[in-house]
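Shown here: query.txt, compact mmCIF, C-alpha atoms and all ligand atoms.
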```txt
# COMPACT_ATOMS: atom_id res chain seq x y z
CA MET A 1 -64.16 -20.03 -54.73
CA ALA A 2 -66.97 -19.75 -52.19
CA GLU A 3 -65.65 -22.90 -50.53
CA MET A 4 -62.15 -21.48 -50.38
CA ARG A 5 -63.43 -18.29 -48.76
CA ALA A 6 -65.36 -20.33 -46.22
CA LEU A 7 -62.12 -22.15 -45.40
CA ILE A 8 -60.28 -18.86 -44.98
CA ASP A 9 -63.07 -17.52 -42.76
CA ARG A 10 -62.83 -20.63 -40.61
CA LEU A 11 -59.04 -20.32 -40.38
CA GLU A 12 -59.61 -16.80 -39.10
CA SER A 13 -62.23 -17.74 -36.53
CA GLN A 14 -60.68 -21.03 -35.30
CA GLN A 15 -57.03 -20.07 -35.86
CA MET A 16 -56.53 -23.62 -37.08
CA LEU A 17 -57.44 -26.05 -39.86
CA SER A 18 -56.86 -29.76 -40.35
CA LYS A 19 -53.82 -30.99 -42.26
CA GLU A 20 -56.02 -31.84 -45.28
CA GLU A 21 -57.59 -28.40 -45.19
CA PHE A 22 -54.21 -26.69 -45.09
CA ILE A 23 -53.19 -28.75 -48.12
CA THR A 24 -56.37 -27.71 -49.95
CA LEU A 25 -55.74 -24.09 -49.06
CA ILE A 26 -52.09 -24.05 -50.13
CA THR A 27 -52.59 -25.97 -53.37
CA GLY A 28 -55.95 -24.61 -54.49
CA ILE A 29 -56.07 -20.95 -53.57
CA SER A 30 -56.54 -18.47 -56.44
CA ILE A 31 -54.90 -15.08 -56.77
CA GLU A 32 -58.14 -13.34 -55.72
CA ASP A 33 -58.63 -15.54 -52.68
CA THR A 34 -54.99 -15.03 -51.70
CA GLU A 35 -55.71 -11.30 -51.65
CA TYR A 36 -58.77 -11.98 -49.50
CA LEU A 37 -56.62 -13.96 -47.06
CA ARG A 38 -53.81 -11.39 -47.01
CA GLU A 39 -56.26 -8.61 -46.25
CA LYS A 40 -57.64 -10.54 -43.29
CA ALA A 41 -54.09 -11.19 -42.07
CA ARG A 42 -53.19 -7.51 -42.47
CA LYS A 43 -56.25 -6.46 -40.49
CA THR A 44 -55.42 -8.96 -37.77
CA ALA A 45 -51.90 -7.55 -37.46
CA LYS A 46 -53.29 -3.99 -37.41
CA ARG A 47 -55.69 -4.92 -34.63
CA CYS A 48 -52.83 -6.32 -32.50
CA PHE A 49 -50.00 -3.94 -33.36
CA GLY A 50 -51.51 -0.89 -35.06
CA ASN A 51 -49.30 0.49 -37.80
CA ARG A 52 -46.14 0.06 -35.73
CA ILE A 53 -43.42 -2.22 -37.02
CA TYR A 54 -40.91 -3.58 -34.53
CA THR A 55 -37.27 -3.60 -35.55
CA ARG A 56 -34.40 -5.85 -34.47
CA GLY A 57 -30.78 -4.93 -35.06
CA LEU A 58 -29.13 -8.04 -36.46
CA ILE A 59 -25.48 -8.56 -35.55
CA GLU A 60 -23.91 -11.40 -37.50
CA PHE A 61 -20.95 -11.97 -35.21
CA THR A 62 -19.34 -15.11 -36.64
CA ASN A 63 -19.59 -17.07 -39.88
CA TYR A 64 -17.57 -20.02 -38.64
CA CYS A 65 -19.81 -23.06 -38.34
CA ARG A 66 -19.27 -26.67 -37.31
CA ASN A 67 -22.38 -27.77 -39.19
CA ASP A 68 -22.73 -28.64 -42.83
CA CYS A 69 -26.35 -27.85 -43.74
CA TYR A 70 -26.72 -28.45 -47.49
CA TYR A 71 -28.51 -25.15 -48.14
CA CYS A 72 -26.33 -22.77 -46.17
CA GLY A 73 -23.52 -20.65 -47.58
CA ILE A 74 -21.52 -20.64 -44.34
CA ARG A 75 -21.54 -24.44 -44.01
CA ARG A 76 -18.30 -26.00 -42.83
CA SER A 77 -17.44 -27.52 -46.21
CA ASN A 78 -17.61 -24.24 -48.05
CA THR A 79 -13.90 -23.54 -48.35
CA GLY A 80 -14.73 -20.51 -50.47
CA ALA A 81 -16.28 -18.66 -47.53
CA CYS A 82 -14.08 -15.95 -46.07
CA ARG A 83 -14.40 -16.52 -42.33
CA TYR A 84 -14.53 -13.83 -39.64
CA ARG A 85 -15.33 -13.33 -35.97
CA LEU A 86 -16.33 -10.17 -34.15
CA THR A 87 -14.79 -9.38 -30.76
CA LYS A 88 -16.92 -8.39 -27.79
CA GLU A 89 -15.81 -4.79 -28.34
CA ALA A 90 -16.88 -4.85 -32.00
CA ILE A 91 -20.25 -6.30 -30.99
CA LEU A 92 -20.71 -3.58 -28.37
CA ASP A 93 -19.87 -0.98 -31.01
CA CYS A 94 -22.67 -2.36 -33.19
CA CYS A 95 -25.05 -2.06 -30.25
CA LYS A 96 -23.98 1.54 -29.63
CA THR A 97 -24.67 2.50 -33.23
CA GLY A 98 -27.93 0.57 -33.11
CA TYR A 99 -29.10 2.13 -29.88
CA GLU A 100 -28.54 5.64 -31.23
CA LEU A 101 -30.55 4.72 -34.31
CA GLY A 102 -33.52 3.55 -32.23
CA PHE A 103 -33.05 -0.22 -31.96
CA ARG A 104 -34.20 -1.69 -28.64
CA THR A 105 -33.61 -5.33 -29.56
CA PHE A 106 -30.28 -6.76 -30.63
CA VAL A 107 -30.03 -10.16 -32.26
CA LEU A 108 -26.72 -11.99 -32.03
CA GLN A 109 -26.67 -14.48 -34.87
CA GLY A 110 -23.91 -16.74 -36.03
CA GLY A 111 -22.79 -20.15 -37.12
CA GLU A 112 -22.20 -22.77 -34.44
CA ASP A 113 -18.71 -21.60 -33.57
CA ALA A 114 -16.96 -23.41 -30.68
CA LYS A 115 -14.56 -20.49 -30.24
CA TYR A 116 -17.42 -18.74 -28.50
CA SER A 117 -17.54 -20.96 -25.43
CA ASP A 118 -20.48 -20.65 -23.05
CA ASP A 119 -18.37 -18.42 -20.81
CA ILE A 120 -17.54 -16.10 -23.69
CA VAL A 121 -21.18 -15.93 -24.77
CA VAL A 122 -22.22 -15.19 -21.17
CA ASP A 123 -19.60 -12.45 -21.00
CA ILE A 124 -20.93 -10.87 -24.20
CA ILE A 125 -24.54 -11.09 -22.97
CA THR A 126 -23.59 -9.53 -19.64
CA GLY A 127 -21.68 -6.74 -21.37
CA ILE A 128 -24.61 -5.85 -23.63
CA LYS A 129 -27.21 -6.00 -20.85
CA GLU A 130 -25.06 -3.82 -18.54
CA LYS A 131 -24.78 -1.09 -21.13
CA TYR A 132 -28.30 -1.41 -22.54
CA PRO A 133 -30.56 -2.60 -19.72
CA ASP A 134 -33.63 -1.29 -21.53
CA CYS A 135 -32.96 -3.45 -24.59
CA ALA A 136 -33.98 -7.02 -25.33
CA LEU A 137 -31.28 -9.45 -26.38
CA THR A 138 -31.99 -12.29 -28.79
CA LEU A 139 -29.62 -15.15 -29.49
CA SER A 140 -29.55 -17.17 -32.70
CA ILE A 141 -26.57 -19.46 -32.31
CA GLY A 142 -27.99 -22.86 -32.98
CA GLU A 143 -28.41 -26.09 -31.05
CA LYS A 144 -27.05 -26.21 -27.49
CA SER A 145 -27.68 -28.21 -24.34
CA TYR A 146 -30.41 -27.30 -21.87
CA GLU A 147 -27.66 -26.22 -19.46
CA SER A 148 -26.10 -23.82 -21.95
CA TYR A 149 -29.46 -22.29 -22.82
CA LEU A 150 -30.15 -21.87 -19.11
CA LYS A 151 -26.80 -20.13 -18.52
CA PHE A 152 -27.46 -17.67 -21.33
CA TYR A 153 -30.94 -16.98 -20.02
CA LYS A 154 -29.66 -16.36 -16.51
CA ALA A 155 -27.03 -14.01 -17.95
CA GLY A 156 -29.84 -11.92 -19.42
CA ALA A 157 -30.72 -13.23 -22.87
CA ASP A 158 -34.45 -12.69 -23.44
CA ARG A 159 -35.21 -14.43 -26.70
CA TYR A 160 -33.88 -17.20 -28.94
CA LEU A 161 -34.37 -17.80 -32.64
CA LEU A 162 -33.99 -21.34 -33.87
CA ARG A 163 -35.93 -22.22 -36.98
CA HIS A 164 -37.07 -25.81 -36.95
CA GLU A 165 -36.34 -25.76 -40.74
CA THR A 166 -38.83 -28.57 -41.43
CA ALA A 167 -40.98 -30.60 -39.06
CA ASN A 168 -40.76 -33.75 -41.18
CA LYS A 169 -37.90 -36.12 -40.31
CA ASP A 170 -37.35 -37.39 -43.85
CA HIS A 171 -37.31 -33.89 -45.24
CA TYR A 172 -34.98 -32.79 -42.45
CA SER A 173 -32.52 -35.52 -43.41
CA LYS A 174 -32.50 -34.32 -47.02
CA LEU A 175 -31.49 -30.81 -45.95
CA HIS A 176 -28.94 -31.74 -43.30
CA PRO A 177 -26.08 -34.21 -42.78
CA PRO A 178 -26.78 -37.27 -40.58
CA ALA A 179 -25.29 -35.60 -37.48
CA LEU A 180 -28.30 -33.29 -37.32
CA SER A 181 -31.86 -34.37 -36.59
CA ALA A 182 -35.33 -32.89 -36.53
CA ASP A 183 -35.80 -34.43 -33.09
CA ASN A 184 -32.91 -32.58 -31.54
CA ARG A 185 -33.94 -29.35 -33.21
CA LYS A 186 -37.41 -29.69 -31.71
CA ARG A 187 -35.97 -30.69 -28.33
CA CYS A 188 -34.01 -27.43 -28.34
CA LEU A 189 -37.16 -25.42 -29.05
CA TYR A 190 -39.11 -27.04 -26.22
CA ASP A 191 -36.14 -26.49 -23.87
CA LEU A 192 -35.99 -22.81 -24.81
CA LYS A 193 -39.68 -22.35 -24.11
CA LYS A 194 -39.45 -24.24 -20.83
CA ILE A 195 -36.59 -22.06 -19.62
CA GLY A 196 -38.64 -18.95 -20.27
CA TYR A 197 -37.23 -17.52 -23.46
CA GLN A 198 -39.46 -15.90 -26.02
CA ALA A 199 -38.70 -18.54 -28.62
CA GLY A 200 -38.82 -18.40 -32.39
CA ALA A 201 -39.18 -21.29 -34.82
CA GLY A 202 -39.69 -21.25 -38.59
CA PHE A 203 -38.75 -22.69 -41.93
CA MET A 204 -37.63 -21.88 -45.44
CA VAL A 205 -40.31 -21.68 -48.13
CA GLY A 206 -39.53 -23.71 -51.23
CA SER A 207 -36.53 -25.54 -49.82
CA PRO A 208 -35.40 -28.53 -51.90
CA TYR A 209 -37.68 -31.60 -51.56
CA GLN A 210 -40.35 -29.57 -49.76
CA THR A 211 -43.91 -30.72 -50.52
CA VAL A 212 -47.26 -29.21 -49.62
CA ASP A 213 -47.68 -32.11 -47.21
CA TYR A 214 -44.52 -31.07 -45.41
CA LEU A 215 -45.66 -27.45 -45.29
CA ALA A 216 -48.91 -28.55 -43.67
CA GLU A 217 -46.86 -30.53 -41.14
CA ASP A 218 -44.85 -27.38 -40.41
CA LEU A 219 -48.07 -25.52 -39.65
CA LEU A 220 -49.29 -28.31 -37.38
CA PHE A 221 -45.95 -28.46 -35.58
CA LEU A 222 -45.97 -24.71 -35.05
CA LYS A 223 -49.45 -24.87 -33.56
CA GLU A 224 -48.29 -27.53 -31.13
CA LEU A 225 -45.11 -25.64 -30.18
CA SER A 226 -46.87 -22.29 -30.05
CA PRO A 227 -43.76 -20.12 -30.39
CA HIS A 228 -43.58 -16.38 -29.70
CA MET A 229 -41.86 -15.65 -33.00
CA ILE A 230 -41.97 -17.32 -36.41
CA GLY A 231 -39.34 -16.67 -39.07
CA ILE A 232 -40.04 -17.76 -42.62
CA GLY A 233 -38.43 -16.71 -45.87
CA PRO A 234 -37.86 -18.13 -49.32
CA PHE A 235 -35.05 -20.62 -49.84
CA ILE A 236 -32.43 -18.95 -52.05
CA PRO A 237 -29.61 -21.08 -53.49
CA HIS A 238 -26.03 -20.31 -52.62
CA HIS A 239 -23.58 -20.99 -55.44
CA GLN A 240 -21.04 -22.82 -53.24
CA THR A 241 -23.43 -25.36 -51.71
CA PRO A 242 -24.84 -28.73 -52.85
CA PHE A 243 -28.12 -26.91 -53.59
CA ALA A 244 -26.50 -24.35 -55.92
CA ASP A 245 -28.70 -25.33 -58.87
CA ARG A 246 -31.99 -25.70 -57.04
CA THR A 247 -35.02 -23.54 -57.74
CA PRO A 248 -35.57 -20.77 -55.20
CA GLY A 249 -38.77 -20.45 -53.19
CA THR A 250 -41.29 -17.93 -54.48
CA MET A 251 -42.48 -14.65 -53.08
CA GLU A 252 -46.10 -15.62 -53.71
CA GLN A 253 -45.93 -18.75 -51.60
CA THR A 254 -44.05 -16.92 -48.85
CA LEU A 255 -46.71 -14.20 -48.76
CA LEU A 256 -49.49 -16.78 -48.60
CA LEU A 257 -47.79 -18.60 -45.72
CA LEU A 258 -47.18 -15.34 -43.85
CA GLY A 259 -50.90 -14.62 -44.13
CA ILE A 260 -51.83 -18.11 -42.94
CA LEU A 261 -49.44 -17.81 -39.99
CA ARG A 262 -50.86 -14.45 -38.98
CA LEU A 263 -54.37 -15.90 -38.96
CA MET A 264 -53.18 -18.91 -36.95
CA PHE A 265 -51.23 -16.78 -34.47
CA PRO A 266 -52.69 -13.25 -34.24
CA LYS A 267 -50.13 -12.06 -31.67
CA VAL A 268 -46.99 -13.79 -32.89
CA LEU A 269 -43.93 -11.71 -33.79
CA LEU A 270 -43.59 -12.32 -37.51
CA PRO A 271 -40.75 -10.78 -39.51
CA ALA A 272 -40.72 -9.84 -43.17
CA THR A 273 -37.27 -11.28 -43.73
CA THR A 274 -34.22 -10.14 -45.62
CA ALA A 275 -34.54 -13.22 -47.85
CA LEU A 276 -38.01 -12.01 -48.87
CA GLY A 277 -36.51 -8.60 -49.65
CA THR A 278 -33.81 -10.34 -51.66
CA ILE A 279 -36.09 -12.21 -54.08
CA HIS A 280 -38.20 -9.12 -54.81
CA PRO A 281 -37.44 -5.41 -54.33
CA LEU A 282 -40.83 -4.92 -52.64
CA GLY A 283 -40.75 -8.26 -50.82
CA ARG A 284 -40.61 -6.89 -47.31
CA GLU A 285 -43.35 -4.32 -47.94
CA LYS A 286 -45.56 -7.06 -49.33
CA GLY A 287 -44.68 -9.20 -46.32
CA ILE A 288 -45.89 -6.45 -43.98
CA LEU A 289 -49.05 -6.21 -46.06
CA SER A 290 -49.55 -9.97 -45.54
CA GLY A 291 -49.50 -9.62 -41.77
CA ALA A 292 -45.81 -9.49 -40.83
CA ASN A 293 -44.95 -6.97 -38.09
CA VAL A 294 -41.19 -7.15 -37.61
CA LEU A 295 -38.13 -6.11 -39.63
CA MET A 296 -34.59 -7.19 -38.87
CA PRO A 297 -32.16 -4.84 -40.56
CA ASN A 298 -28.49 -5.55 -40.48
CA LEU A 299 -26.30 -3.91 -37.83
CA SER A 300 -23.15 -5.86 -38.63
CA PRO A 301 -20.11 -3.79 -39.58
CA THR A 302 -20.21 -3.12 -43.34
CA MET A 303 -16.78 -4.79 -43.63
CA VAL A 304 -18.13 -8.24 -42.76
CA ARG A 305 -21.64 -8.10 -44.19
CA LYS A 306 -20.82 -9.61 -47.53
CA LYS A 307 -19.08 -12.47 -45.73
CA TYR A 308 -22.17 -13.58 -43.81
CA GLU A 309 -23.56 -14.99 -47.00
CA LEU A 310 -26.17 -17.65 -46.26
CA TYR A 311 -27.51 -17.33 -49.82
CA ASP A 312 -26.63 -15.45 -53.01
CA ASN A 313 -27.32 -11.75 -53.68
CA LYS A 314 -28.25 -10.85 -50.10
CA ILE A 315 -29.42 -7.22 -50.00
CA CYS A 316 -28.06 -4.29 -47.97
CA THR A 317 -24.52 -5.66 -47.74
CA GLY A 318 -23.00 -2.35 -48.78
CA ASP A 319 -25.01 -0.03 -46.55
CA GLU A 320 -24.18 1.50 -43.20
CA ALA A 321 -26.52 0.64 -40.33
CA ALA A 322 -28.00 4.14 -40.36
CA GLU A 323 -28.82 3.90 -44.05
CA CYS A 324 -30.59 0.59 -43.47
CA ARG A 325 -32.84 1.94 -40.77
CA SER A 326 -33.76 5.14 -42.54
CA CYS A 327 -34.27 3.35 -45.86
CA LEU A 328 -36.65 0.92 -44.17
CA GLY A 329 -38.36 3.78 -42.36
CA ARG A 330 -39.13 5.41 -45.72
CA LYS A 331 -40.30 2.14 -47.23
CA MET A 332 -42.69 1.64 -44.30
CA GLN A 333 -43.98 5.21 -44.47
CA LYS A 334 -44.87 4.68 -48.12
CA ILE A 335 -47.21 1.86 -47.20
CA GLY A 336 -48.66 3.56 -44.11
CA TYR A 337 -46.56 2.04 -41.34
CA GLU A 338 -43.83 3.36 -39.04
CA LEU A 339 -40.83 1.88 -37.25
CA ALA A 340 -41.34 1.69 -33.48
CA VAL A 341 -38.59 2.51 -30.98
CA ASP A 342 -39.58 -0.30 -28.66
CA ARG A 343 -38.32 -3.66 -27.37
CA GLY A 344 -41.33 -5.20 -29.05
CA ASP A 345 -41.82 -8.07 -26.64
CA TYR A 346 -44.40 -10.79 -27.18
CA LYS A 347 -47.61 -9.84 -25.43
CA PRO A 348 -49.98 -12.70 -24.63
N1 LIG A 401 -26.69 -21.14 -36.93
C1 LIG A 401 -27.93 -20.54 -36.50
C2 LIG A 401 -28.35 -19.42 -37.42
C3 LIG A 401 -28.70 -19.96 -38.77
S1 LIG A 401 -28.83 -18.78 -40.07
C4 LIG A 401 -28.97 -21.62 -36.37
O1 LIG A 401 -28.64 -22.77 -36.56
O2 LIG A 401 -30.10 -21.32 -36.04
C5 LIG A 401 -30.55 -18.36 -39.94
C6 LIG A 401 -31.49 -19.02 -40.92
O3 LIG A 401 -31.16 -18.71 -42.26
C7 LIG A 401 -31.52 -20.52 -40.92
O4 LIG A 401 -32.28 -21.01 -39.86
C8 LIG A 401 -32.12 -20.86 -42.29
O5 LIG A 401 -33.51 -21.11 -42.20
C9 LIG A 401 -31.85 -19.59 -43.09
N2 LIG A 401 -31.05 -19.90 -44.30
C10 LIG A 401 -29.87 -20.54 -44.36
N3 LIG A 401 -29.49 -20.74 -45.65
C11 LIG A 401 -30.48 -20.22 -46.42
C12 LIG A 401 -30.69 -20.14 -47.82
N4 LIG A 401 -29.83 -20.66 -48.70
N5 LIG A 401 -31.83 -19.51 -48.26
C13 LIG A 401 -32.70 -18.99 -47.38
N6 LIG A 401 -32.56 -19.06 -46.05
C14 LIG A 401 -31.45 -19.67 -45.56
```
As C-alpha cells, what does this structure read like?
Amino acid sequence: MAEMRALIDRLESQQMLSKEEFITLITGISIEDTEYLREKARKTAKRCFGNRIYTRGLIEFTNYCRNDCYYCGIRRSNTGACRYRLTKEAILDCCKTGYELGFRTFVLQGGEDAKYSDDIVVDIITGIKEKYPDCALTLSIGEKSYESYLKFYKAGADRYLLRHETANKDHYSKLHPPALSADNRKRCLYDLKKIGYQAGAGFMVGSPYQTVDYLAEDLLFLKELSPHMIGIGPFIPHHQTPFADRTPGTMEQTLLLLGILRLMFPKVLLPATTALGTIHPLGREKGILSGANVLMPNLSPTMVRKKYELYDNKICTGDEAAECRSCLGRKMQKIGYELAVDRGDYKP
C-alpha cells in the first residue's frame, strides 16, 4: 500500500515509470490506491484546464470501409451493416448545426472509403474551413500516404486521430487481418506529427488477447511518440464480428488508465469517450473525474447514427445534436465542470 503510493507519487513527479513498474501498478493497485491516483490525475487536469471541458462535434460521414478489423462493426466483411455516405452538403449542414450549438472543433470520422478520393477530402476540408475559419478541423479517416496527409494539412486540416490500437506487433496481428500492420500504423502517426498536425493515438482497453504486458508497452510507445491527444475506451463486442462473444473491457481499468495517462501527459487532450459512456451510464463523468478533459458528442444526422455502429448498444443514437450537447452540459454541471466554447488546441 505504502509502496504503491510511492510509485504513484513517482509517476506524478517523473511523468514516467519503467515497464515493470507500470505492470506492478496496473496489476497490483487496490481500490483505495486507484482513488488516490485518480484524485492526483483530476488535480493535474484542473491545474492545466480548470473546470473547462473541450468539446468536439463528431461527424461520422461514411461507414464504408476497405479494412476488416476483427473488432469493428463496420468492417468490410460485415454484410449486415447498412452502408451510407454523407455528401459535402450534408457534412456542412452538420457543421452549421454544430457551430450554432457552440462547437469549435469538427471531427470527420469514417471508415477507409476510397469513394472519398484525396481531391474530394480536400474539397470538403476547404469548404468547412471557408465557412468556419475560427474552427479546428480534425480528420479520423485511417491510414494514408505521407503525401495524402500533407495535402489534407495544406488544405487546412489541423488535427488527426489515428489510434495505434496496440503497440505490440503480435497483438496487432490478432486484432487485424494480415494486410494491416503495427509498423504502418506507427509510421502514419510519426508522419502526421512531422507534417505538423496535432496528432492523436490510443488504444482499446480490454481488447481480445490484451495482456498487462501489452498495456505497459502501449504506455511506453505513447511516451516515445508523445502525441497531442490520446483516445482510449473499453473494447465492446459487436455482434456481427469475429469478436462477438468476447468479454468487454471494464470501466475500472479504463478509469485507471485514464488517470495514468493524465499523470504521464499533464497537457494532453484526453477524451472521456462514447464507449466509456456506453458501458456505464456515468462512464464519461467518471472519466472526467479521472483526468479526462474532452468530450466528443455526436453531430451526425440522427438518420445515420445507428448505422455507424462500431460496437453494440452505442449511446445517443436517437438524439438530435442539440440534445446531446445540452445533456452533456447538464452532466458536466452536476460534477462541477462546464463545456467550453473553444477550439481547445493543444498548448505546450
Ligand atoms: N477508420 C478510422 C476510424 C476508426 S473508428 C481509423 O482507422 O482510424 C475509431 C476507433 O474506434 C478505432 O480506432 C477503435 O479503437 C475504436 N473501435 C472500433 N471498434 C470498437 C469496438 N468494438 N469497441 C470499442 N472501440 C472500438
Nearby polymer residues, ligand LIG 401 (chain A), at most 6 Å, only C-alpha atoms and all ligand atoms, as an mmCIF file with C-alpha atoms, keeping the file's coordinate frame:
```cif
data_model
loop_
_atom_site.group_PDB
_atom_site.id
_atom_site.type_symbol
_atom_site.label_atom_id
_atom_site.label_comp_id
_atom_site.auth_asym_id
_atom_site.auth_seq_id
_atom_site.Cartn_x
_atom_site.Cartn_y
_atom_site.Cartn_z
ATOM 1 C CA TYR A 71 -28.510 -25.150 -48.140
ATOM 2 C CA CYS A 72 -26.330 -22.770 -46.170
ATOM 3 C CA GLN A 109 -26.670 -14.480 -34.870
ATOM 4 C CA GLY A 110 -23.910 -16.740 -36.030
ATOM 5 C CA GLY A 111 -22.790 -20.150 -37.120
ATOM 6 C CA GLU A 112 -22.200 -22.770 -34.440
ATOM 7 C CA SER A 140 -29.550 -17.170 -32.700
ATOM 8 C CA ILE A 141 -26.570 -19.460 -32.310
ATOM 9 C CA GLY A 142 -27.990 -22.860 -32.980
ATOM 10 C CA LEU A 162 -33.990 -21.340 -33.870
ATOM 11 C CA ARG A 163 -35.930 -22.220 -36.980
ATOM 12 C CA GLU A 165 -36.340 -25.760 -40.740
ATOM 13 C CA PHE A 203 -38.750 -22.690 -41.930
ATOM 14 C CA MET A 204 -37.630 -21.880 -45.440
ATOM 15 C CA PRO A 234 -37.860 -18.130 -49.320
ATOM 16 C CA PHE A 235 -35.050 -20.620 -49.840
ATOM 17 C CA ILE A 236 -32.430 -18.950 -52.050
ATOM 18 C CA PRO A 237 -29.610 -21.080 -53.490
ATOM 19 C CA HIS A 238 -26.030 -20.310 -52.620
ATOM 20 C CA LEU A 310 -26.170 -17.650 -46.260
ATOM 21 C CA TYR A 311 -27.510 -17.330 -49.820
#
```
Which residues are close to A:Ile279, i.e. within 12 Å by all atoms listed in the file, leaving aside same-chain residues fewer than 5 positions away? Reply as a short mmCIF file (atom, residue, chain, number, x, y, z; two decimals) with C-alpha atoms, in the coordinates of the input.
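Heads up, here's the output in result_11.cif:
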```
data_model
loop_
_atom_site.label_atom_id
_atom_site.label_comp_id
_atom_site.auth_asym_id
_atom_site.auth_seq_id
_atom_site.Cartn_x
_atom_site.Cartn_y
_atom_site.Cartn_z
CA VAL A 205 -40.31 -21.68 -48.13
CA GLY A 233 -38.43 -16.71 -45.87
CA PRO A 234 -37.86 -18.13 -49.32
CA PHE A 235 -35.05 -20.62 -49.84
CA ILE A 236 -32.43 -18.95 -52.05
CA PRO A 237 -29.61 -21.08 -53.49
CA THR A 247 -35.02 -23.54 -57.74
CA PRO A 248 -35.57 -20.77 -55.20
CA GLY A 249 -38.77 -20.45 -53.19
CA THR A 250 -41.29 -17.93 -54.48
CA MET A 251 -42.48 -14.65 -53.08
CA GLU A 252 -46.10 -15.62 -53.71
CA THR A 254 -44.05 -16.92 -48.85
CA THR A 273 -37.27 -11.28 -43.73
CA THR A 274 -34.22 -10.14 -45.62
CA ARG A 284 -40.61 -6.89 -47.31
CA LYS A 286 -45.56 -7.06 -49.33
CA GLY A 287 -44.68 -9.20 -46.32
CA TYR A 311 -27.51 -17.33 -49.82
CA ASP A 312 -26.63 -15.45 -53.01
CA ASN A 313 -27.32 -11.75 -53.68
CA LYS A 314 -28.25 -10.85 -50.10
CA ILE A 315 -29.42 -7.22 -50.00
#
```
| Using all atoms listed in the file, which residue out of A:Met264, A:Cys69, A:Ala157, A:Leu17 lies closest to A:Ser181? |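 Closest to A:Ser181, using all atoms listed in the file: A:Cys69.
Using only C-alpha atoms, the nearest neighbour of A:Met4 within the list A:Glu21, A:Asp319, A:Pro301, A:Ile195 is A:Glu21.
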| task | Calculate how many Å separate atom CA of A:Lys19 from atom CA of A:Glu217, rounding to one decimal. | result |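 Going from atom CA of A:Lys19 over to atom CA of A:Glu217, I get 7.1 Å.
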| task | Tell me which protein, DNA and RNA residues are within 8 Å of A:Arg52, counting only C-alpha atoms, leaving out same-chain ones fewer than 2 positions away, and put them as JSON, numbers by chain. | result | {"A": [49, 50, 54, 293, 337, 338, 339, 340]}
| message | Give me the residues near A:Gly259 as a list of chain:residue names, where near means some atom within 7 Å (using all atoms listed in the file) and where sequence neighbours in that chain fewer than 4 positions away do not count. | response |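 Counting only the stated atoms, we get A:Leu37, A:Arg38, A:Ala41, A:Leu255, A:Leu263, A:Ser290, A:Gly291.
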Quick one: what's the axis-aligned box for stretch 328-345 of chain A, all listed atoms, 8 Å on every side, centre and edges in Å to one decimal, as lines of an AutoDock Vina configuration file?
```
center_x = -42.7
center_y = -1.3
center_z = -37.4
size_x = 28.0
size_y = 29.5
size_z = 37.5
```
| task | Between A:Ser173, A:Asn78, A:Thr302, A:Gln240, single out the one closest to A:Arg66, counting all atoms listed in the file. | result |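 The answer is A:Asn78, which sits nearest to A:Arg66.
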| task | Name all residues at most 12 Å from A:Gln15 (count only C-alpha atoms; drop same-chain ones fewer than 4 positions away) and give them as a list in words. | result |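 Surrounding residues, per the criterion: Leu7, Ile8, Asp9, Arg10, Leu11, Phe22, Ala41, Thr44, Leu219, Leu220, Lys223, Ser226, Gly259, Ile260, Leu261, Arg262, Leu263, Met264, Phe265, Pro266 and Lys267 of chain A.
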| request: Find, counting only C-alpha atoms, the residue in A:Ala6, A:Leu282, A:Val304, A:Cys135 that gets nearest to A:Val107. | output: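 Under the stated criterion, the closest residue is A:Cys135.
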| message | Here's a test: counting all atoms listed in the file, identify every protein, DNA and RNA residue with an atom at most 9 Å from (-43.8, -14.6, -36.0) in the file's coordinate frame, and state them as a PyMOL selection string. | response | chain A and resi 200-202+227-232+258+261-262+265+267-271+292-294
| query | To one decimal place, how far is atom CA of A:Ala90 from atom CA of A:Lys151 in Å? | reply |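 Computing it gives 22.7 Å between the two atoms.
For the pair atom CA of A:Asp342 and atom CA of A:Arg104, the separation is 5.6 Å.
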